[in-house]
Every structure is written in C-alpha cells, then in structure tokens.
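Source file: protein30.cif; contents: mmCIF, C-alpha atoms.
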data_query
loop_
_atom_site.label_atom_id
_atom_site.label_comp_id
_atom_site.auth_asym_id
_atom_site.auth_seq_id
_atom_site.Cartn_x
_atom_site.Cartn_y
_atom_site.Cartn_z
CA MET A 1 39.47 -50.49 25.39
CA ARG A 2 39.09 -46.90 24.27
CA GLU A 3 42.28 -47.12 22.20
CA LYS A 4 40.98 -50.28 20.49
CA LEU A 5 37.70 -48.55 19.70
CA LEU A 6 39.54 -45.61 18.13
CA TYR A 7 41.62 -47.97 15.98
CA ILE A 8 38.45 -49.74 14.85
CA PHE A 9 36.74 -46.43 14.01
CA GLY A 10 39.82 -45.30 12.12
CA ALA A 11 40.06 -48.55 10.17
CA ILE A 12 36.37 -48.46 9.20
CA ALA A 13 36.69 -44.81 8.15
CA ALA A 14 39.76 -45.61 6.01
CA LEU A 15 38.02 -48.54 4.32
CA LEU A 16 34.94 -46.44 3.63
CA PHE A 17 37.02 -43.63 2.16
CA VAL A 18 38.83 -46.08 -0.15
CA ARG A 19 35.52 -47.68 -1.22
CA ASN A 20 33.92 -44.28 -1.83
CA LEU A 21 36.89 -42.87 -3.75
CA TYR A 22 36.75 -45.88 -6.04
CA TYR A 23 33.05 -45.31 -6.71
CA ILE A 24 33.46 -41.55 -7.09
CA PHE A 25 36.31 -41.73 -9.62
CA MET A 26 35.82 -45.10 -11.33
CA VAL A 27 32.11 -45.92 -11.30
CA PHE A 28 30.00 -42.78 -11.38
CA PRO A 29 29.69 -40.89 -14.65
CA ASP A 30 30.19 -37.13 -14.91
CA GLU A 31 27.20 -35.01 -14.03
CA ALA A 32 25.37 -33.84 -17.16
CA SER A 33 25.70 -30.08 -16.74
CA GLN A 34 28.67 -29.68 -14.36
CA GLY A 35 31.03 -32.41 -15.53
CA ALA A 36 33.75 -33.80 -13.30
CA ILE A 37 33.63 -30.98 -10.72
CA PHE A 38 30.29 -32.26 -9.41
CA ARG A 39 32.17 -35.11 -7.70
CA ILE A 40 33.32 -32.59 -5.12
CA ILE A 41 29.84 -32.83 -3.61
CA PHE A 42 30.86 -36.09 -1.96
CA PHE A 43 33.29 -34.19 0.28
CA HIS A 44 31.78 -30.73 0.33
CA VAL A 45 28.39 -31.70 1.78
CA PRO A 46 29.52 -34.40 4.26
CA ALA A 47 32.22 -32.04 5.57
CA ALA A 48 29.56 -29.41 6.26
CA MET A 49 27.26 -31.93 7.94
CA THR A 50 30.12 -33.20 10.10
CA ALA A 51 31.02 -29.67 11.15
CA MET A 52 27.40 -28.83 12.04
CA LEU A 53 27.02 -32.04 14.06
CA LEU A 54 30.22 -31.30 15.96
CA ALA A 55 28.89 -27.80 16.68
CA LEU A 56 25.79 -29.46 18.16
CA VAL A 57 27.98 -31.69 20.35
CA SER A 58 29.87 -28.58 21.46
CA LEU A 59 26.57 -26.93 22.39
CA VAL A 60 25.46 -29.95 24.45
CA ALA A 61 28.86 -30.15 26.16
CA SER A 62 28.79 -26.42 26.93
CA VAL A 63 25.32 -26.68 28.46
CA GLY A 64 26.54 -29.74 30.35
CA PHE A 65 29.44 -27.79 31.81
CA LEU A 66 27.26 -24.89 32.92
CA ALA A 67 24.80 -27.33 34.51
CA THR A 68 27.34 -29.56 36.29
CA ARG A 69 30.57 -27.47 36.46
CA ARG A 70 32.51 -30.59 35.48
CA LEU A 71 35.58 -29.61 33.45
CA ARG A 72 35.38 -32.79 31.35
CA TYR A 73 32.43 -31.23 29.48
CA ASP A 74 34.63 -28.23 28.73
CA SER A 75 37.34 -30.54 27.38
CA VAL A 76 34.78 -32.21 25.11
CA ALA A 77 33.51 -28.83 23.89
CA VAL A 78 36.94 -27.52 22.90
CA SER A 79 37.93 -30.84 21.29
CA VAL A 80 34.90 -31.13 19.02
CA THR A 81 34.97 -27.40 18.18
CA GLU A 82 38.54 -27.62 16.95
CA VAL A 83 37.84 -30.69 14.80
CA GLY A 84 34.65 -29.07 13.51
CA LEU A 85 36.60 -25.97 12.46
CA ALA A 86 38.89 -28.13 10.30
CA PHE A 87 35.94 -29.77 8.55
CA LEU A 88 34.14 -26.45 8.08
CA ALA A 89 37.31 -25.00 6.56
CA ALA A 90 37.44 -27.95 4.14
CA ASN A 91 33.79 -27.28 3.28
CA LEU A 92 34.41 -23.56 2.63
CA ILE A 93 37.51 -24.17 0.48
CA THR A 94 35.92 -26.94 -1.62
CA GLY A 95 32.82 -24.80 -2.05
CA SER A 96 34.91 -21.87 -3.22
CA ILE A 97 36.72 -24.01 -5.80
CA TRP A 98 33.41 -25.48 -6.98
CA GLY A 99 31.90 -21.99 -7.20
CA ARG A 100 34.86 -20.76 -9.27
CA VAL A 101 34.09 -23.41 -11.90
CA ILE A 102 30.29 -23.24 -11.93
CA TRP A 103 29.58 -19.58 -11.12
CA GLY A 104 32.85 -18.10 -12.37
CA ILE A 105 33.55 -16.54 -8.96
CA TRP A 106 35.55 -17.69 -5.92
CA TRP A 107 33.15 -16.07 -3.47
CA THR A 108 29.84 -14.22 -3.16
CA TRP A 109 28.17 -12.68 -0.15
CA ASP A 110 24.98 -14.71 -0.34
CA ALA A 111 23.20 -16.03 2.77
CA ARG A 112 24.65 -19.54 2.78
CA LEU A 113 28.29 -18.64 2.14
CA THR A 114 28.24 -15.63 4.45
CA SER A 115 26.59 -17.50 7.33
CA ALA A 116 29.03 -20.40 6.92
CA LEU A 117 32.00 -18.02 6.99
CA VAL A 118 30.52 -16.24 10.04
CA CYS A 119 30.14 -19.67 11.69
CA TRP A 120 33.80 -20.43 11.09
CA ILE A 121 34.85 -17.02 12.45
CA LEU A 122 32.63 -17.44 15.53
CA TYR A 123 34.13 -20.80 16.45
CA ALA A 124 37.66 -19.59 15.70
CA GLY A 125 36.83 -16.76 18.10
CA TYR A 126 35.84 -19.36 20.70
CA LEU A 127 39.33 -20.90 20.53
CA MET A 128 40.96 -17.46 20.71
CA LEU A 129 38.83 -16.50 23.71
CA ARG A 130 39.95 -19.63 25.55
CA ARG A 131 43.62 -18.83 24.97
CA ALA A 132 43.10 -15.40 26.55
CA ILE A 133 41.84 -16.76 29.88
CA GLU A 134 44.31 -18.47 32.22
CA GLU A 135 42.08 -19.69 35.03
CA PRO A 136 40.50 -23.03 33.99
CA THR A 137 37.01 -22.64 35.49
CA GLN A 138 36.63 -19.07 34.27
CA ARG A 139 37.90 -20.11 30.83
CA ALA A 140 35.39 -22.96 30.72
CA THR A 141 32.51 -20.73 31.84
CA PHE A 142 33.19 -17.96 29.33
CA GLY A 143 33.82 -20.55 26.63
CA ALA A 144 30.58 -22.39 27.36
CA VAL A 145 28.47 -19.22 27.23
CA TYR A 146 30.20 -18.11 24.02
CA SER A 147 29.72 -21.54 22.43
CA ILE A 148 26.00 -21.49 23.19
CA PHE A 149 25.61 -18.11 21.50
CA ALA A 150 27.83 -19.14 18.57
CA PHE A 151 25.49 -22.08 17.88
CA VAL A 152 22.73 -19.60 16.95
CA ASP A 153 24.41 -19.31 13.54
CA VAL A 154 24.28 -23.06 12.84
CA PRO A 155 20.55 -23.30 11.96
CA ILE A 156 20.98 -20.12 9.90
CA VAL A 157 23.72 -21.85 7.89
CA ILE A 158 21.57 -24.97 7.41
CA PHE A 159 18.28 -23.30 6.49
CA SER A 160 19.60 -20.19 4.71
CA ILE A 161 19.08 -21.81 1.32
CA LYS A 162 15.43 -22.48 2.23
CA TRP A 163 14.73 -19.11 3.86
CA TRP A 164 16.34 -16.85 1.27
CA ARG A 165 17.04 -16.78 -2.47
CA THR A 166 20.73 -17.55 -2.65
CA GLN A 167 23.49 -18.06 -5.19
CA HIS A 168 24.11 -21.39 -3.46
CA PRO A 169 21.94 -24.18 -4.94
CA GLN A 170 18.89 -25.55 -3.18
CA PRO A 171 19.29 -28.76 -1.14
CA VAL A 172 20.27 -31.86 -3.08
CA PHE A 173 20.24 -34.42 -0.27
CA TRP A 174 17.16 -33.19 1.62
CA GLY A 175 14.16 -30.89 1.40
CA GLY A 176 12.93 -32.03 -1.98
CA GLY A 177 16.29 -32.32 -3.72
CA SER A 178 16.96 -35.14 -6.17
CA ILE A 179 20.07 -37.26 -6.65
CA PRO A 180 20.49 -40.80 -8.00
CA GLY A 181 20.23 -43.55 -5.37
CA ALA A 182 23.78 -44.86 -5.74
CA TRP A 183 25.20 -41.33 -5.42
CA TYR A 184 23.07 -40.70 -2.32
CA ALA A 185 24.32 -43.94 -0.75
CA THR A 186 27.96 -43.02 -1.42
CA ALA A 187 27.44 -39.55 0.02
CA LEU A 188 25.93 -41.08 3.16
CA LEU A 189 28.83 -43.53 3.44
CA ASN A 190 31.28 -40.64 3.06
CA LEU A 191 29.42 -38.81 5.80
CA LEU A 192 29.76 -41.89 8.02
CA ALA A 193 33.47 -42.11 7.23
CA MET A 194 33.94 -38.43 8.09
CA LEU A 195 31.99 -38.77 11.33
CA LEU A 196 34.09 -41.76 12.40
CA PHE A 197 37.29 -39.94 11.46
CA ALA A 198 36.11 -36.82 13.30
CA ALA A 199 35.33 -38.96 16.37
CA VAL A 200 38.89 -40.32 16.33
CA LEU A 201 40.40 -36.85 16.00
CA ALA A 202 38.15 -35.45 18.72
CA ALA A 203 39.03 -38.33 21.06
CA ILE A 204 42.75 -37.70 20.53
CA ARG A 205 42.26 -33.97 21.12
CA LEU A 206 40.17 -34.72 24.24
CA ARG A 207 42.94 -36.89 25.65
CA GLN A 208 45.43 -34.09 24.98
CA GLU A 209 43.17 -31.60 26.77
CA GLU A 210 42.83 -33.90 29.78
CA THR A 211 46.60 -34.43 29.89
CA GLN A 212 47.17 -30.67 29.70
CA ARG A 213 44.83 -30.25 32.65
CA GLU A 214 46.86 -32.85 34.55
CA ILE A 215 50.08 -30.99 33.67
CA ASP A 216 48.63 -27.68 34.91
CA SER A 217 47.50 -29.33 38.13
CA LEU A 218 50.92 -30.92 38.74
CA ARG A 219 52.63 -27.62 37.99
CA ARG A 220 50.47 -25.80 40.57
CA HIS A 221 51.21 -28.60 43.05
CA ALA A 222 54.97 -28.35 42.38
CA HIS A 223 54.98 -24.56 42.81
CA SER A 224 53.00 -24.76 46.02
CA MET A 225 55.63 -27.00 47.68
CA MET B 1 35.89 -39.30 -17.48
CA ASP B 2 35.15 -35.94 -19.00
CA THR B 3 38.31 -33.83 -18.67
CA ARG B 4 36.18 -30.71 -18.41
CA ASN B 5 36.78 -29.20 -14.96
CA PHE B 6 38.98 -32.16 -14.01
CA THR B 7 41.82 -29.88 -12.87
CA TYR B 8 39.57 -27.93 -10.51
CA MET B 9 38.10 -31.17 -9.19
CA PHE B 10 41.62 -32.33 -8.38
CA TYR B 11 42.35 -29.01 -6.63
CA GLY B 12 39.14 -29.35 -4.63
CA PHE B 13 39.90 -32.85 -3.38
CA ALA B 14 43.53 -31.91 -2.74
CA ALA B 15 42.46 -28.85 -0.72
CA ALA B 16 39.99 -30.84 1.40
CA TRP B 17 42.53 -33.51 2.24
CA ALA B 18 45.34 -30.97 2.75
CA ILE B 19 43.34 -29.13 5.42
CA ILE B 20 42.63 -32.37 7.27
CA VAL B 21 46.26 -33.52 6.98
CA VAL B 22 47.49 -30.16 8.31
CA TYR B 23 45.15 -30.50 11.30
CA VAL B 24 46.35 -34.07 11.97
CA LEU B 25 49.97 -32.84 11.86
CA MET B 26 49.04 -30.09 14.35
CA LEU B 27 47.62 -32.77 16.66
CA VAL B 28 50.81 -34.83 16.34
CA ALA B 29 52.98 -31.80 17.16
CA ARG B 30 50.78 -30.95 20.15
CA GLU B 31 50.98 -34.57 21.38
CA ARG B 32 54.78 -34.43 21.32
CA LYS B 33 54.82 -31.13 23.21
CA ILE B 34 52.36 -32.39 25.82
CA ARG B 35 54.33 -35.58 26.45
CA GLN B 36 57.49 -33.50 26.90
CA ASP B 37 55.71 -31.09 29.26
CA LEU B 38 54.32 -33.99 31.29
CA GLU B 39 57.79 -35.53 31.63
CA ASN B 40 59.25 -32.19 32.71
CA VAL B 41 56.57 -31.44 35.28
CA LYS B 42 56.77 -34.97 36.76
CA LYS B 43 60.54 -34.51 37.17
CA LEU B 44 59.90 -31.13 38.80
CA VAL B 45 57.44 -32.66 41.28
CA GLU B 46 59.85 -35.50 42.10
CA TYR B 47 62.65 -32.98 42.62
CA ARG B 48 60.51 -30.80 44.87
CA GLU B 49 59.31 -33.81 46.87
CA GLY B 50 62.91 -35.01 47.24
CA ARG B 51 64.07 -31.70 48.70
#
Write the structure described by the file as structure tokens, please.
Amino acid sequence: MREKLLYIFGAIAALLFVRNLYYIFMVFPDEASQGAIFRIIFFHVPAAMTAMLLALVSLVASVGFLATRRLRYDSVAVSVTEVGLAFLAANLITGSIWGRVIWGIWWTWDARLTSALVCWILYAGYLMLRRAIEEPTQRATFGAVYSIFAFVDVPIVIFSIKWWRTQHPQPVFWGGGSIPGAWYATALLNLLAMLLFAAVLAAIRLRQEETQREIDSLRRHAHSM
Amino acid sequence: MDTRNFTYMFYGFAAAWAIIVVYVLMLVARERKIRQDLENVKKLVEYREGR
C-alpha cells in the first residue's frame, strides 16, 4: 500500500513538473526588467519552502522522539533533514546564479543569504553529529536536541527580508508582494510537485534508516551468540 | 524568448536538477549497500544459529 502511494506521489510530481516546465518555458513571457533569468524563481522559491517545511517536520519528529523515546521519530527526523538539505542546496545554488546575473555578484553577506547558508551548515552539522555517535539511543537524543536548536534559524531565514534591509528582494509570493496570477499558480504547483517528490525521497530514506536499524540489531544478535 | 540571461537561466535550472539527481543517486547507492549488508548479516545469523 505504501509502495503504491509512493508511486502515485512520484507520478503526480512528474506530471506537475512537466506541465510547469511547459508553462515556464513556452507560455510565460520574459520578465520586464530581469529577462529570462526570472524564470528561476519557479524553482528557487519552492525549493526554499520545501526545505523549510522539511525542517519543521524534523523539529516535530525530534520533539516526538524526546517525548516518547521511540526511535521511529529519530528515523523520520534524519530522513527529512537529509532531503531538506538537498533542496536547500538547490535553493542556495540557484540563488547564487540568479544573483550573479541581477546583482553582478555570486554572493553577499546579507541577512537572508547568510541565515540560509547558516541553516544549511547547521543541518549538515546534524548529520555529521549523528555519524560520530555509535549508540542508537544516545545518537537519537543528541540529534533531537541539536535539531530543535538548529530550527531556531529557520524563522530567521524566512523573516530576515522583513526584519532587515537586505540585498535579497522583498517577498514576491507573500507579505504584500505582487506577481501575476498565472505565475503564482505555476509556482504553487511547482511547490506541490517538490513537496510530493520530497515526500517520496524521504519515505525511501526512512525505509533505508529502518532497514539499517534492523541490520544493526541482527548484527548485535549474531555477535551475542 | 529573450536571449538575454538565457545561458545563466539554463545553468540555474541545470544546477537545481543536478543537485537533486546527485542526491537520488546517493540514495540508490545506499539502497544497494543496505541490501547487501542485510543479506550478509542474515547469513551470519543463520550460520551462528546452525553452529
């Protein structure tokens, strides 16, 4: 049943991506001041939103582990964090390329870019911390506490462009930003496609984590004989 | 389509998809390794139980 659901999610995501790519490249005109490069917004922003949502899921799973001590929550936390890192990396790279064209620079240490990079480093640190701890319950406990503290950066990333004057533009999709209706709809559909795709990847990673736990358990059993 | 900035737009899309593809390939490689490890440890348990 779960496998079927993943295939359905994957198929819907693929169809949405194809539909959106057609609209992005064949239907929408160039943006008046930025030209063709503006189309990158349809991946740049949804990738960021997907990463932030996955960070939220990681937070909830981490709190869930600390409250219940069930290792499944830890498996969920590490799975969604890893997938979120990939999407946040895509967001940072596309943003850098976009910035090179529009601002003439690959990078600047403004609030949005810096907090997003710090977010990526924090969650990469979470994965590195886990690799350093052998014992599963201790690894899960340290990881959960770290993940909760790492999430502090997520609202800073989101609201940095509202709280401070930044090189990064003000919101386009929320908070008073303006974008044509058809573009907004395509961006939302791309966000949906990314979320479905991220769910598939996270489910695969979760299954791998559970299998690894089973392997470790069998290994301990074999060595205790 | 205005060709202005088209090259960088292509690089941007290519970079976004490349990162995701690399991660998917990492998952595939990990899946293979995990299946192999599971096979090996099951054989080890059977061997130890048979002794």
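Residues selected in this file by the PyMOL selection byres ((chain A and resi 107-110) around 8) comprise Ser96, Gly99, Arg100, Ile105, Trp106, Ala111, Arg112, Leu113, Thr114, Thr166, Gln167 and His168 of chain A.
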Written file, previous selection with C-alpha atoms, as a PDB file, in the coordinates of the input:
ATOM      1  CA  SER A  96      34.910 -21.870  -3.220  1.00  0.00           C
ATOM      2  CA  GLY A  99      31.900 -21.990  -7.200  1.00  0.00           C
ATOM      3  CA  ARG A 100      34.860 -20.760  -9.270  1.00  0.00           C
ATOM      4  CA  ILE A 105      33.550 -16.540  -8.960  1.00  0.00           C
ATOM      5  CA  TRP A 106      35.550 -17.690  -5.920  1.00  0.00           C
ATOM      6  CA  ALA A 111      23.200 -16.030   2.770  1.00  0.00           C
ATOM      7  CA  ARG A 112      24.650 -19.540   2.780  1.00  0.00           C
ATOM      8  CA  LEU A 113      28.290 -18.640   2.140  1.00  0.00           C
ATOM      9  CA  THR A 114      28.240 -15.630   4.450  1.00  0.00           C
ATOM     10  CA  THR A 166      20.730 -17.550  -2.650  1.00  0.00           C
ATOM     11  CA  GLN A 167      23.490 -18.060  -5.190  1.00  0.00           C
ATOM     12  CA  HIS A 168      24.110 -21.390  -3.460  1.00  0.00           C
TER      13      HIS A 168
END
Write out as a tab-separated table the residues of chain A that have any atom within 6 Å of an atom of chain B, one row each with the nearest atom pair and its distance in Å to one decimal, counting only C-alpha atoms, sorted by chain and then rising number.
residue	atom	partner	partner_atom	distance
A:Ala36	CA	B:Phe6	CA	5.5
A:Ile37	CA	B:Met9	CA	4.7
A:Ala90	CA	B:Ala16	CA	4.7
A:Thr94	CA	B:Gly12	CA	5.0
A:Ile97	CA	B:Gly12	CA	6.0
A:Ile215	CA	B:Leu38	CA	5.7
A:Ala222	CA	B:Val45	CA	5.1
**Asked** Using the chain letters and numbers from the file, which residues does the PyMOL selection byres ((chain A and resi 51-64) around 8) grab, as a VMD selection string?
**Response** chain A and resid 47 to 50 65 to 70 73 to 74 76 to 78 80 to 81 83 to 85 87 to 88 143 to 145 147 to 148 151 154
Take the residues just selected and output them with C-alpha atoms as a CSV table (one decimal), keeping the file's coordinate frame.
chain,number,residue,atom,x,y,z
A,47,ALA,CA,32.2,-32.0,5.6
A,48,ALA,CA,29.6,-29.4,6.3
A,49,MET,CA,27.3,-31.9,7.9
A,50,THR,CA,30.1,-33.2,10.1
A,65,PHE,CA,29.4,-27.8,31.8
A,66,LEU,CA,27.3,-24.9,32.9
A,67,ALA,CA,24.8,-27.3,34.5
A,68,THR,CA,27.3,-29.6,36.3
A,69,ARG,CA,30.6,-27.5,36.5
A,70,ARG,CA,32.5,-30.6,35.5
A,73,TYR,CA,32.4,-31.2,29.5
A,74,ASP,CA,34.6,-28.2,28.7
A,76,VAL,CA,34.8,-32.2,25.1
A,77,ALA,CA,33.5,-28.8,23.9
A,78,VAL,CA,36.9,-27.5,22.9
A,80,VAL,CA,34.9,-31.1,19.0
A,81,THR,CA,35.0,-27.4,18.2
A,83,VAL,CA,37.8,-30.7,14.8
A,84,GLY,CA,34.6,-29.1,13.5
A,85,LEU,CA,36.6,-26.0,12.5
A,87,PHE,CA,35.9,-29.8,8.6
A,88,LEU,CA,34.1,-26.4,8.1
A,143,GLY,CA,33.8,-20.6,26.6
A,144,ALA,CA,30.6,-22.4,27.4
A,145,VAL,CA,28.5,-19.2,27.2
A,147,SER,CA,29.7,-21.5,22.4
A,148,ILE,CA,26.0,-21.5,23.2
A,151,PHE,CA,25.5,-22.1,17.9
A,154,VAL,CA,24.3,-23.1,12.8
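Rounded to one decimal, atom CA of A:Ile41 and atom CA of A:Ile93 lie 12.3 Å from each other.
Nearest-residue note for A:Ala124: choosing from A:Ala150, A:Ile158, A:Ala140, A:Ile102, the minimum distance belongs to A:Ala150, counting only C-alpha atoms.
For the atom pair formed by atom CA of A:Met194 and atom CA of A:Phe17, the distance is 8.5 Å, given to one decimal.
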Taking all atoms of stretch 27-42 of chain A that the file lists and extending 5 Å past them on each side, where is the centre of the axis-aligned box and how long are its edges? Answer in Å to one decimal, as JSON.
{"center_x": 29.6, "center_y": -37.8, "center_z": -9.6, "size_x": 18.4, "size_y": 26.2, "size_z": 25.2}
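Taking atom CA of A:Ser160 and atom CA of A:Ser33 as the two end points, the separation is 24.4 Å.
Nearest to A:Leu191 of all the residues A:Val45, A:Met1, A:Cys119, A:Ile179 is A:Val45, counting only C-alpha atoms.
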Just so I have it separately, write stretch 44-66 of chain A from the block I sent, keeping C-alpha atoms, as an mmCIF file, in the first residue's frame.
data_model
loop_
_atom_site.group_PDB
_atom_site.id
_atom_site.type_symbol
_atom_site.label_atom_id
_atom_site.label_comp_id
_atom_site.auth_asym_id
_atom_site.auth_seq_id
_atom_site.Cartn_x
_atom_site.Cartn_y
_atom_site.Cartn_z
ATOM 1 C CA HIS A 44 14.359 28.836 -6.306
ATOM 2 C CA VAL A 45 11.405 29.768 -4.076
ATOM 3 C CA PRO A 46 9.606 26.385 -3.962
ATOM 4 C CA ALA A 47 12.925 24.675 -3.141
ATOM 5 C CA ALA A 48 13.362 27.013 -0.172
ATOM 6 C CA MET A 49 9.787 26.480 1.004
ATOM 7 C CA THR A 50 10.191 22.705 0.724
ATOM 8 C CA ALA A 51 13.407 22.813 2.727
ATOM 9 C CA MET A 52 11.835 24.956 5.468
ATOM 10 C CA LEU A 53 8.797 22.666 5.696
ATOM 11 C CA LEU A 54 11.042 19.619 5.988
ATOM 12 C CA ALA A 55 12.959 21.397 8.763
ATOM 13 C CA LEU A 56 9.627 21.850 10.558
ATOM 14 C CA VAL A 57 8.860 18.135 10.175
ATOM 15 C CA SER A 58 12.317 17.378 11.568
ATOM 16 C CA LEU A 59 11.576 19.603 14.563
ATOM 17 C CA VAL A 60 8.265 17.846 15.243
ATOM 18 C CA ALA A 61 9.890 14.422 14.876
ATOM 19 C CA SER A 62 12.732 15.423 17.205
ATOM 20 C CA VAL A 63 10.292 16.634 19.853
ATOM 21 C CA GLY A 64 8.326 13.428 19.304
ATOM 22 C CA PHE A 65 11.412 11.328 19.968
ATOM 23 C CA LEU A 66 12.308 13.189 23.154
#
